[in-house]
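Report on the following structure.
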Amino acid sequence: MSWLNDLYLTYEVCKSDPQLLPIAHLTQNAQLEVVLDEEGNFSRASRVDKEDAVTVVPVTEDSGSRSGKAIFPHPLCDKLEYIAGDYADFVPGSMGDKFEAYIAQLGKWAQSDYSLPQIRSVYRYLQERRLMEDLREAGFFTFEDGRIQAEKQQGVALENWFVRFAVEIPGQPERRLYRDRQVFDSYIEYYLSIQNSRELCYVSGETVPCSEKHPAKIRNTADKAKLISANDASGVLTFKGRFRDSSQVASVSYEISQKAHSALRWLIARQSSLKIGEQVFVTWSMENLDMPSPFLELDWGEETEGIADGPYPDWEEEQEVFIDDAYSDWVHRAIWGSGPAPEDRDTVMVMGVEAATTGRLSIPFYQKYGAKQFIQNVARWKTETCWLSWSNKTQAYGPWSPSLIEIVKLVAGEKNAKLNKSVRERLIPCIVEGRKLPYDIVLSALGQAVNPSHFKEYWEWNRVVTITCALLRKWQIERGDGREEHSMSLNVESKDRSYIFGQLLATAEMLERSALVMGSSSNKEGMRNTAAEKYFVRFQRYPVETWATIRNQLQPYVMKLGNAGKFFYIHKLAELTDRLDMSQRDRLEPTFLQGYSSQIIEYRNSSRKQESGKEKD
């Protein structure tokens with residue numbers, strides 16, 4: 001029950017936020033708004049725009065989870081067939097049972113000590129049983145051959161039109177009942193006052209009114225799945241003969257249940273949480289509610305509100321060597337903000353929910369961490385799974401760490417949901433708990449990266465190469481066997497055979513691409529696959545033999561280059577070849593991809609600087 005208590009405490013900390021639903025309230029998409037005067041007379045009705053359709057409405061325990069043919073009216077706003085006393089007069093075959101249940105329930109609130117003039121106005125009007133007639137006169141539907149003809153509202157049929165109310169009272173600043181805090185508080189006080197049965201709450205340890213039916217609509221307004229549910233009255237499936245009713249399993253205070261579910265709903269809606277299929281992961285801290293999700297990208301391409309000192313400093317200014325400590329500090333500030341550092345008592349919660357069935361939500365992941373350790377783990381992950389990537393915002397290469405979604409998509413694809421989920425659940429502890437990155441995930445990414453022909457667009461493959469290099473770098477750092485680790489910037493002094501072969505392949509690609517662009521009048525011709533890309537897979541397996549093939553195919557492109565370009569590339573190829581032992585014929589290690597990527601970035605940066613220098617001249 002710790003997750004319930006943590007969510008309840010989160011609600012208490014943030015209850016002043018207007019986006020946080022009050023207890024005993026849910027949201028519905030409304031199609032019509034009916035406006036009344038102080039005396040309860042019909043003034044007008046209007047269609048509700050789709051953008052303004054989400055409406056906060058009071059609910060009972062039963063109405064908040066109603067389904068099927070059960071008659072459980074909402075206390076105020078509801079569907080036409082509940083609130084229109086003359087609905088059966090307009091729709092043949094309809095019964096008045098729903099209205100009778102609705103008006104009796106509304107009457108108890110309207111006549112209670114907790115009532116308000118606005119509630120009594122709605123009650124007086126609906127007692128007259130003429131809502132359908134007033135809507136007909138307002139032009140919402142007509143009759144044809146004795147049957148009602150109504151336009152669908154937002155694609156919703158007549159029987160499901162949801163109606164909300166506004167009451168115009170002189171001196172009353174808010175006429176919309178669905179946005180009036182007085183109305184919310186009035187209903188909460190009234191509803192809590194009529195709760196009689198009391199049980200031991202397993203969260204607070206107090207004997208208080210407890211919930212039998214807990215809220216749904218956790219992940220979105222159409223979500224029917226519940227975190228706590230027991231609806232098998234026979235006990236055959238739910239209790240397996242061990243209990244007589246659900247209260248013997250666990251009982252939770254009505255107030256705590258409402259606040260905890262409302263807090264979770266609010267966190268999922270407001271935070272950039274990780275949402276994949278049926279799963280949603282949300283991360284929060286009661287001490288820092290603006291903390292972004294560690295599973296998504298953090299944008300350091302431009303100044304971000306709450307992070308001081310603007311964007312990350314230009315790492316190219318003096319020497320193109322990336323400093324991990326500086327980047328790690330940036331990640332710390334990006335996650336926690338530029339305010340005071342987390343204290344020893346501060347905590348961070350990570351919670352994942354998914355639909356086990358249509359009506360059931362499970363919690364596959366819930367952990368509570370000390371904020372200091374959590375931020376340190378995430379910063380280490382972001383810093384170590386990092387590679388240089390082109391930013392359209394800054395028009396430059398800069399540090400970039402792939403999101404969990406992109407890694408899972410690369411490793412597991414999008415079609416195999418079971419594999420997708422498995423990889424995701426293996427990676428989450430690596431991010432938030434500091435566990436080592438599984439090598440099979442790195443190999444799976446590498447298998448995609450060495451097959452450029454599998455991708456329709458060059459940028460897609462380039463993104464995959466970047467992600468794979470980031471994962472390789474993480475694995476190298478964690479490997480701890482003393483072997484060479486490769487930074488994001490080009491390591492010109494590397495003695496790693498595979499890394500140098502990667503540089504050689506990148507040089508061949510840039511030579512050919514430069515010649516294609518120079519000798520072509522169309523962009524399309526300049527972007528066709530080069531020999532280096534065509535032989536990418538074979539190059540890793542048989543580098544010496546494949547290089548001989550590629551080198552022979554480069555000669556025509558060397559002749560197309562200008563004198564400066566020709567000299568540069570010939571000299572570079574010779575320099576790299578001299579550093580290699582061509583008698584060694586082993587297949588290349590994964591580090592060849594890092595050598596390839598770093599060399600490509602180096603060439604493009606040099607080209608960009610030259611173009612920039614020409615523009616200044």
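In the structure tokens, chains take letters A, B, ... by order of appearance, with residues numbered from 1 within each chain and ligands from 1 in the order shown.
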| Got a sec: who's within 10 Å of A:Leu437, counting only C-alpha atoms, leaving out chain neighbours fewer than 3 positions off, as a list in words? | Trp381, Thr385, Arg426, Leu427, Pro429, Cys430, Ile431, Gly434, Asp440, Ile441, Val442, Leu471, Leu472, Lys474, Trp475, Glu478 and Arg479 of chain A
| query | Counting only C-alpha atoms, what is within 12 Å of A:Arg270, bar same-chain residues fewer than 3 positions away, as a list in words? | reply | Asp17, Pro18, Gln19, Leu20, Arg219, Asn220, Ala263, Leu264, Arg265, Trp266, Leu267, Ser273, Leu274, Val282, Thr283, Trp284, Leu289, Asp290, Met291, Pro292 and Ser293 of chain A
| task | Identify which of the residues A:Phe281, A:Phe374, A:Tyr125, A:Tyr202 lies closest to A:Trp336, counting only C-alpha atoms when measuring atom-to-atom distances. | result | A:Phe374
| task | Select from stretch 93-322 of chain A everything DSSP, run on the backbone, classes as helix (DSSP H, G or I), then give the selection as an MDAnalysis selection string. | result | chainID A and resid 97:110 117:127 131:137 158:160 177:179 181:193 246:248 254:270
| A:Phe72 environment, 7 Å, only C-alpha atoms, sequence neighbours closer than 5 positions dropped, as a PyMOL selection string | chain A and resi 62-63+66
Prev. selection, N, CA and C atoms, output as a PDB file, in the first residue's frame:
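What ended up in part_39.pdb:
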```
ATOM      1  N   ASP A  62     -20.722   4.736  -7.022  1.00  0.00           N
ATOM      2  CA  ASP A  62     -21.362   3.880  -8.018  1.00  0.00           C
ATOM      3  C   ASP A  62     -21.327   4.506  -9.404  1.00  0.00           C
ATOM      4  N   SER A  63     -21.668   5.802  -9.490  1.00  0.00           N
ATOM      5  CA  SER A  63     -21.731   6.429 -10.813  1.00  0.00           C
ATOM      6  C   SER A  63     -20.341   6.591 -11.424  1.00  0.00           C
ATOM      7  N   ARG A  66     -19.803   3.251 -13.207  1.00  0.00           N
ATOM      8  CA  ARG A  66     -20.969   2.568 -13.779  1.00  0.00           C
ATOM      9  C   ARG A  66     -20.654   2.003 -15.158  1.00  0.00           C
TER      10      ARG A  66
END
```
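Counting only C-alpha atoms and comparing A:Asp86, A:Arg175, A:Gln376, A:Val249, the residue that lies closest to A:Leu200 is A:Val249.
Residue nearest A:Glu81, chosen from A:Glu159, A:Glu457, A:Asp581, A:Glu137 and counting only C-alpha atoms: A:Glu159.
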| field | Non-local contacts of A:Leu410 (9 Å; only C-alpha atoms; under 5 positions in same chain excluded) as number ranges by chain | value | A: 405, 444-445, 448, 464, 467-468
Quick one: contact table of stretch 402-470 of chain A to stretch 589-609 of chain A, 9 Å max, nearest atom pair and distance in Å to one decimal per residue, counting only C-alpha atoms, chain and number order, as JSON lines?
```
{"residue": "A:Leu443", "atom": "CA", "partner": "A:Pro590", "partner_atom": "CA", "distance": 8.5}
{"residue": "A:Leu446", "atom": "CA", "partner": "A:Pro590", "partner_atom": "CA", "distance": 7.4}
{"residue": "A:Ala449", "atom": "CA", "partner": "A:Leu593", "partner_atom": "CA", "distance": 8.3}
{"residue": "A:Val450", "atom": "CA", "partner": "A:Leu593", "partner_atom": "CA", "distance": 8.0}
{"residue": "A:Asn462", "atom": "CA", "partner": "A:Ser597", "partner_atom": "CA", "distance": 8.7}
{"residue": "A:Val465", "atom": "CA", "partner": "A:Ser597", "partner_atom": "CA", "distance": 7.3}
{"residue": "A:Thr466", "atom": "CA", "partner": "A:Ser597", "partner_atom": "CA", "distance": 7.4}
{"residue": "A:Thr468", "atom": "CA", "partner": "A:Leu593", "partner_atom": "CA", "distance": 8.3}
{"residue": "A:Cys469", "atom": "CA", "partner": "A:Gln594", "partner_atom": "CA", "distance": 5.6}
{"residue": "A:Ala470", "atom": "CA", "partner": "A:Gln594", "partner_atom": "CA", "distance": 8.8}
```
Keeping C-alpha atoms, export the residues of the selection given above as a JSON list (two decimals), in the first residue's frame.
```json
[["chain", "number", "residue", "atom", "x", "y", "z"],
["A", 443, "LEU", "CA", 24.60, -6.50, -29.91],
["A", 446, "LEU", "CA", 24.71, -3.22, -33.54],
["A", 449, "ALA", "CA", 23.38, -0.34, -37.34],
["A", 450, "VAL", "CA", 25.62, -2.36, -39.70],
["A", 462, "ASN", "CA", 22.42, 7.75, -39.18],
["A", 465, "VAL", "CA", 24.33, 4.52, -35.77],
["A", 466, "THR", "CA", 24.27, 7.33, -33.19],
["A", 468, "THR", "CA", 24.32, 2.24, -31.16],
["A", 469, "CYS", "CA", 27.52, 4.20, -30.59],
["A", 470, "ALA", "CA", 25.98, 5.64, -27.41]]
```
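Residues in contact range of A:Leu192, defined as at most 9 Å between only C-alpha atoms, with sequence neighbours fewer than 6 positions away removed, read Pro209, Tyr254 and Glu255 of chain A.
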| By how many Å are atom CA of A:Pro543 and atom CA of A:Arg473 apart? |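 About the pair atom CA of A:Pro543 and atom CA of A:Arg473: they are 22.1 Å apart.
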| task | Find the spatial neighbours of A:Val57, counting only C-alpha atoms, within a cut-off of 6 Å - ignore same-chain residues fewer than 2 positions away - and output them as a VMD selection string. | result | chain A and resid 25 to 27
| Which residue out of A:Gln279, A:Ser229, A:Ser251, A:Asn29 has the minimum interatomic distance to A:Arg198 when only C-alpha atoms are used? | A:Ser251
| message | Let me make sure I understand: among A:Ser246, A:Ser262, A:Gln153, A:Thr549, which one has the smallest atom-to-atom distance to A:Gln31 if we use only C-alpha atoms? | response |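 Of A:Ser246, A:Ser262, A:Gln153, A:Thr549, the one nearest A:Gln31, counting only C-alpha atoms, is A:Gln153.
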| said: Please list as a list in words every residue within 12 Å of A:Gln195, counting only C-alpha atoms and excluding residues in the same chain fewer than 6 positions away. | reply: Thr60, Glu61, Ile188, Glu189, Val208, Pro209, Cys210, Ser211, Glu212, Ser253, Tyr254 and Glu255 of chain A
